[in-house]
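Everything below belongs to entry_37.cif, which stores mmCIF, C-alpha atoms and all ligand atoms.
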```
data_work
loop_
_atom_site.label_atom_id
_atom_site.label_comp_id
_atom_site.auth_asym_id
_atom_site.auth_seq_id
_atom_site.Cartn_x
_atom_site.Cartn_y
_atom_site.Cartn_z
CA MET A 1 6.15 -100.78 -127.05
CA PRO A 2 8.40 -98.11 -125.48
CA VAL A 3 9.62 -95.37 -127.77
CA LEU A 4 13.34 -94.73 -127.69
CA ALA A 5 15.09 -91.83 -129.38
CA MET A 6 18.59 -91.37 -130.67
CA ALA A 7 20.54 -88.72 -132.47
CA PHE A 8 23.71 -88.78 -134.49
CA LEU A 9 25.97 -86.29 -136.18
CA SER A 10 27.88 -86.81 -139.43
CA THR A 11 29.58 -84.88 -142.20
CA ALA A 12 28.12 -84.95 -145.71
CA VAL A 13 30.20 -86.15 -148.62
CA GLN A 14 30.25 -83.18 -151.02
CA PRO A 15 28.92 -82.08 -153.41
CA TRP A 16 25.34 -82.16 -152.23
CA ASN A 17 22.19 -80.90 -153.80
CA PRO A 18 18.55 -80.97 -152.71
CA SER A 19 17.57 -83.70 -155.18
CA HIS A 20 20.24 -86.04 -153.72
CA LEU A 21 18.79 -85.46 -150.30
CA ASP A 22 15.21 -85.89 -151.49
CA ALA A 23 16.09 -89.29 -152.99
CA LEU A 24 18.03 -90.40 -149.93
CA VAL A 25 15.24 -89.36 -147.59
CA ASP A 26 12.56 -91.05 -149.71
CA ASP A 27 14.54 -94.27 -149.48
CA ALA A 28 15.12 -93.82 -145.74
CA ALA A 29 11.43 -93.06 -145.15
CA ALA A 30 10.33 -96.20 -147.01
CA PHE A 31 12.58 -98.34 -144.84
CA ASN A 32 11.72 -96.52 -141.60
CA ARG A 33 8.00 -97.03 -142.24
CA GLU A 34 8.56 -100.79 -142.32
CA VAL A 35 10.26 -100.78 -138.91
CA GLY A 36 8.15 -98.19 -137.09
CA VAL A 37 10.79 -95.45 -137.04
CA THR A 38 10.07 -91.73 -137.42
CA GLY A 39 12.50 -88.84 -137.37
CA VAL A 40 14.05 -85.80 -138.93
CA LEU A 41 17.30 -84.98 -140.69
CA LEU A 42 18.66 -81.49 -140.13
CA PHE A 43 21.25 -80.40 -142.69
CA ASP A 44 23.24 -77.16 -142.65
CA GLY A 45 25.12 -77.78 -145.89
CA ILE A 46 28.01 -79.53 -144.15
CA HIS A 47 26.72 -81.56 -141.22
CA PHE A 48 23.77 -83.83 -140.70
CA LEU A 49 22.05 -84.11 -137.38
CA GLN A 50 19.56 -86.93 -137.51
CA TYR A 51 17.00 -87.65 -134.84
CA LEU A 52 15.32 -91.07 -134.91
CA GLU A 53 12.59 -92.43 -132.65
CA GLY A 54 10.86 -95.78 -132.45
CA PRO A 55 11.21 -99.27 -130.98
CA ALA A 56 14.77 -100.35 -130.12
CA ALA A 57 14.87 -103.03 -132.83
CA GLY A 58 13.73 -100.55 -135.50
CA LEU A 59 16.32 -97.98 -134.43
CA ASP A 60 19.07 -100.59 -134.56
CA VAL A 61 18.34 -101.66 -138.14
CA ALA A 62 17.79 -98.09 -139.38
CA PHE A 63 21.00 -96.91 -137.76
CA ALA A 64 22.89 -99.88 -139.24
CA ARG A 65 21.80 -98.63 -142.69
CA VAL A 66 22.85 -95.10 -141.76
CA GLN A 67 26.29 -96.33 -140.75
CA ARG A 68 26.74 -98.21 -144.04
CA SER A 69 25.85 -95.21 -146.21
CA PRO A 70 28.70 -93.87 -148.36
CA HIS A 71 27.02 -90.45 -148.53
CA HIS A 72 28.38 -89.19 -145.26
CA MET A 73 31.42 -89.60 -143.00
CA GLY A 74 31.94 -90.55 -139.40
CA PRO A 75 28.39 -90.92 -138.12
CA GLN A 76 28.76 -90.39 -134.40
CA GLU A 77 25.97 -91.24 -132.00
CA LEU A 78 25.19 -88.31 -129.71
CA GLY A 79 22.99 -90.21 -127.31
CA ARG A 80 19.77 -92.03 -126.63
CA GLY A 81 16.77 -91.05 -124.58
CA ARG A 82 13.14 -91.86 -123.87
CA PRO A 83 11.05 -89.02 -125.20
CA GLY A 84 7.76 -90.40 -123.80
CA ASN A 85 5.80 -89.45 -126.88
CA ARG A 86 7.13 -89.22 -130.40
CA LEU A 87 8.24 -85.74 -131.44
CA VAL A 88 7.50 -86.34 -135.12
CA PRO A 89 4.93 -89.16 -135.30
CA ASP A 90 3.92 -88.26 -138.87
CA TRP A 91 7.41 -88.11 -140.38
CA PRO A 92 8.92 -91.48 -141.39
CA MET A 93 11.77 -89.16 -142.38
CA ARG A 94 11.97 -85.59 -143.54
CA TRP A 95 14.91 -83.29 -144.10
CA LEU A 96 15.05 -79.64 -143.16
CA LEU A 97 17.63 -77.04 -143.94
CA ALA A 98 19.09 -76.05 -140.59
CA ASP A 99 20.59 -72.85 -139.32
CA PRO A 100 24.17 -73.85 -138.37
CA THR A 101 24.00 -71.94 -135.06
CA GLN A 102 20.83 -73.70 -133.99
CA LEU A 103 22.22 -77.02 -135.14
CA ARG A 104 25.33 -76.46 -133.01
CA ARG A 105 23.22 -75.70 -129.92
CA VAL A 106 21.34 -78.96 -130.30
CA VAL A 107 24.57 -80.89 -130.97
CA ASN A 108 26.35 -79.33 -127.99
CA ALA A 109 23.61 -80.26 -125.58
CA ASP A 110 24.52 -83.30 -123.47
CA TRP A 111 22.83 -86.23 -125.17
CA SER A 112 24.14 -88.76 -122.67
CA ASP A 113 21.34 -90.61 -120.96
CA ASP A 114 23.03 -91.21 -117.63
CA GLY A 115 20.92 -88.70 -115.71
CA THR A 116 23.98 -86.87 -114.41
CA ALA A 117 23.50 -83.49 -116.00
CA ASP A 118 26.07 -81.29 -114.29
CA GLY A 119 23.96 -78.18 -114.42
CA GLU A 120 26.12 -76.58 -117.10
CA ARG A 121 25.01 -78.66 -120.06
CA PRO A 122 21.39 -79.65 -120.57
CA SER A 123 20.45 -83.29 -120.04
CA ALA A 124 19.39 -85.63 -122.85
CA ASP A 125 15.81 -84.61 -122.15
CA ALA A 126 16.79 -80.98 -122.51
CA ALA A 127 18.61 -81.79 -125.76
CA ILE A 128 15.40 -83.32 -127.06
CA GLY A 129 13.57 -80.23 -125.78
CA LEU A 130 15.90 -77.98 -127.81
CA LEU A 131 15.21 -80.06 -130.87
CA GLN A 132 11.48 -79.89 -130.17
CA ALA A 133 11.67 -76.08 -129.93
CA TYR A 134 13.54 -76.00 -133.23
CA LEU A 135 10.93 -78.19 -134.91
CA ARG A 136 7.89 -76.44 -133.46
CA PRO A 137 7.35 -74.06 -136.41
CA PHE A 138 7.34 -77.03 -138.77
CA LEU A 139 4.97 -79.04 -136.60
CA SER A 140 2.38 -76.55 -135.45
CA PRO A 141 -0.92 -76.54 -137.30
CA PRO A 142 -1.48 -73.55 -139.60
CA SER A 143 -2.84 -70.62 -137.63
CA ARG A 144 -6.34 -69.41 -138.45
CA ALA A 145 -6.46 -66.04 -140.11
C1 LIG B 201 22.42 -88.65 -143.39
C2 LIG B 201 21.79 -89.98 -143.69
C3 LIG B 201 20.64 -90.36 -143.04
C4 LIG B 201 20.05 -91.59 -143.31
N1 LIG B 201 18.92 -91.95 -142.65
C5 LIG B 201 18.40 -93.16 -142.84
C6 LIG B 201 17.24 -93.56 -142.12
O1 LIG B 201 16.66 -92.83 -141.33
N2 LIG B 201 16.75 -94.83 -142.36
C7 LIG B 201 17.34 -95.68 -143.25
O2 LIG B 201 16.86 -96.77 -143.41
N3 LIG B 201 18.43 -95.29 -143.96
C8 LIG B 201 18.96 -94.07 -143.77
N4 LIG B 201 20.07 -93.70 -144.48
C9 LIG B 201 20.61 -94.60 -145.49
C10 LIG B 201 20.11 -94.20 -146.87
O3 LIG B 201 18.72 -94.10 -146.94
C11 LIG B 201 20.57 -95.25 -147.88
O4 LIG B 201 21.88 -95.61 -147.64
C12 LIG B 201 20.57 -94.66 -149.27
O5 LIG B 201 19.33 -94.10 -149.59
C13 LIG B 201 20.91 -95.73 -150.28
O6 LIG B 201 21.39 -95.03 -151.36
P1 LIG B 201 22.64 -95.58 -152.16
O7 LIG B 201 22.12 -96.82 -152.83
O8 LIG B 201 23.01 -94.46 -153.08
O9 LIG B 201 23.70 -95.86 -151.12
C14 LIG B 201 20.65 -92.47 -144.25
C15 LIG B 201 21.81 -92.06 -144.93
C16 LIG B 201 22.38 -90.83 -144.65
C17 LIG B 201 23.62 -90.40 -145.39
#
```

For this file, write the structure as structure tokens.
Amino acid sequence: MPVLAMAFLSTAVQPWNPSHLDALVDDAAAFNREVGVTGVLLFDGIHFLQYLEGPAAGLDVAFARVQRSPHHMGPQELGRGRPGNRLVPDWPMRWLLADPTQLRRVVNADWSDDGTADGERPSADAAIGLLQAYLRPFLSPPSRA
């Protein structure tokens, strides 16, 4: 089954604390597991950038739940792509505290999947590449001493 990827941006309803997010992500992960979705939620204290990957049907139902959530405002889809392989195959969902500058770079990449990157903004593939670079330290196996 082909793996699709999507990303969205939203603004958290304040106040937030890590235990809220832990509970929300546990709930999200339990649902995502059922529908074959994996992904990551980057949070800089104000904005969420969520990356989801999986079969189209799974993404649709997970994103429908995202859109219904009262815990954030204005979820806005950034784009969809075909990453080939999953970026985060072992994460039904996980949240990471994000550096706002890095988050903005990933958000500002062109997530549109129309293949018409104008040379000034990276294509959707490049946007996924930026995200991959950001996640690499969290994904790489521990180095041997
Ligand atoms: C930023 C954000 C990301 C979410 N991601 C997912 C997700 O990946 N999968 C999912 O099924 N639900 C997702 N949700 C929905 C929440 O898991 C769900 O609405 C919440 O845990 C239910 O809590 P409540 O009963 O307090 O509304 C997300 C919600 C928010 C705000």

Check every protein, DNA and RNA residue against ligand LIG 201 (chain B), keep those with an atom at most 8 Å away (counting only C-alpha atoms and all ligand atoms), and present them as a compact mmCIF listing (two decimals) with C-alpha atoms, in the frame of the given file.
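Printed below is selection.txt as written:
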```txt
# COMPACT_ATOMS: atom_id res chain seq x y z
CA SER A 10 27.88 -86.81 -139.43
CA ALA A 12 28.12 -84.95 -145.71
CA ALA A 23 16.09 -89.29 -152.99
CA LEU A 24 18.03 -90.40 -149.93
CA VAL A 25 15.24 -89.36 -147.59
CA ASP A 26 12.56 -91.05 -149.71
CA ASP A 27 14.54 -94.27 -149.48
CA ALA A 28 15.12 -93.82 -145.74
CA ALA A 29 11.43 -93.06 -145.15
CA ALA A 30 10.33 -96.20 -147.01
CA PHE A 31 12.58 -98.34 -144.84
CA ASN A 32 11.72 -96.52 -141.60
CA VAL A 37 10.79 -95.45 -137.04
CA THR A 38 10.07 -91.73 -137.42
CA GLY A 39 12.50 -88.84 -137.37
CA VAL A 40 14.05 -85.80 -138.93
CA LEU A 41 17.30 -84.98 -140.69
CA PHE A 48 23.77 -83.83 -140.70
CA LEU A 49 22.05 -84.11 -137.38
CA GLN A 50 19.56 -86.93 -137.51
CA LEU A 52 15.32 -91.07 -134.91
CA VAL A 61 18.34 -101.66 -138.14
CA ALA A 62 17.79 -98.09 -139.38
CA PHE A 63 21.00 -96.91 -137.76
CA ALA A 64 22.89 -99.88 -139.24
CA ARG A 65 21.80 -98.63 -142.69
CA VAL A 66 22.85 -95.10 -141.76
CA GLN A 67 26.29 -96.33 -140.75
CA ARG A 68 26.74 -98.21 -144.04
CA SER A 69 25.85 -95.21 -146.21
CA PRO A 70 28.70 -93.87 -148.36
CA HIS A 71 27.02 -90.45 -148.53
CA HIS A 72 28.38 -89.19 -145.26
CA PRO A 92 8.92 -91.48 -141.39
CA MET A 93 11.77 -89.16 -142.38
```

Suppose you want the space between CA of Pro55 (chain A) and CA of Pro89 (chain A); what is it in Å? 12.7 Å

Go ahead and compute the interatomic distance for CA of Asp44 (chain A) and CA of Ala127 (chain A), in Å to one decimal.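 Distance reported for this atom pair: 18.1 Å.
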
For Pro83 (chain A), the nearest of the candidates A:Gly45, A:Glu53, A:Pro18, A:Val35, counting all atoms listed in the file: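 For Pro83 (chain A), the nearest of the given residues is A:Glu53.
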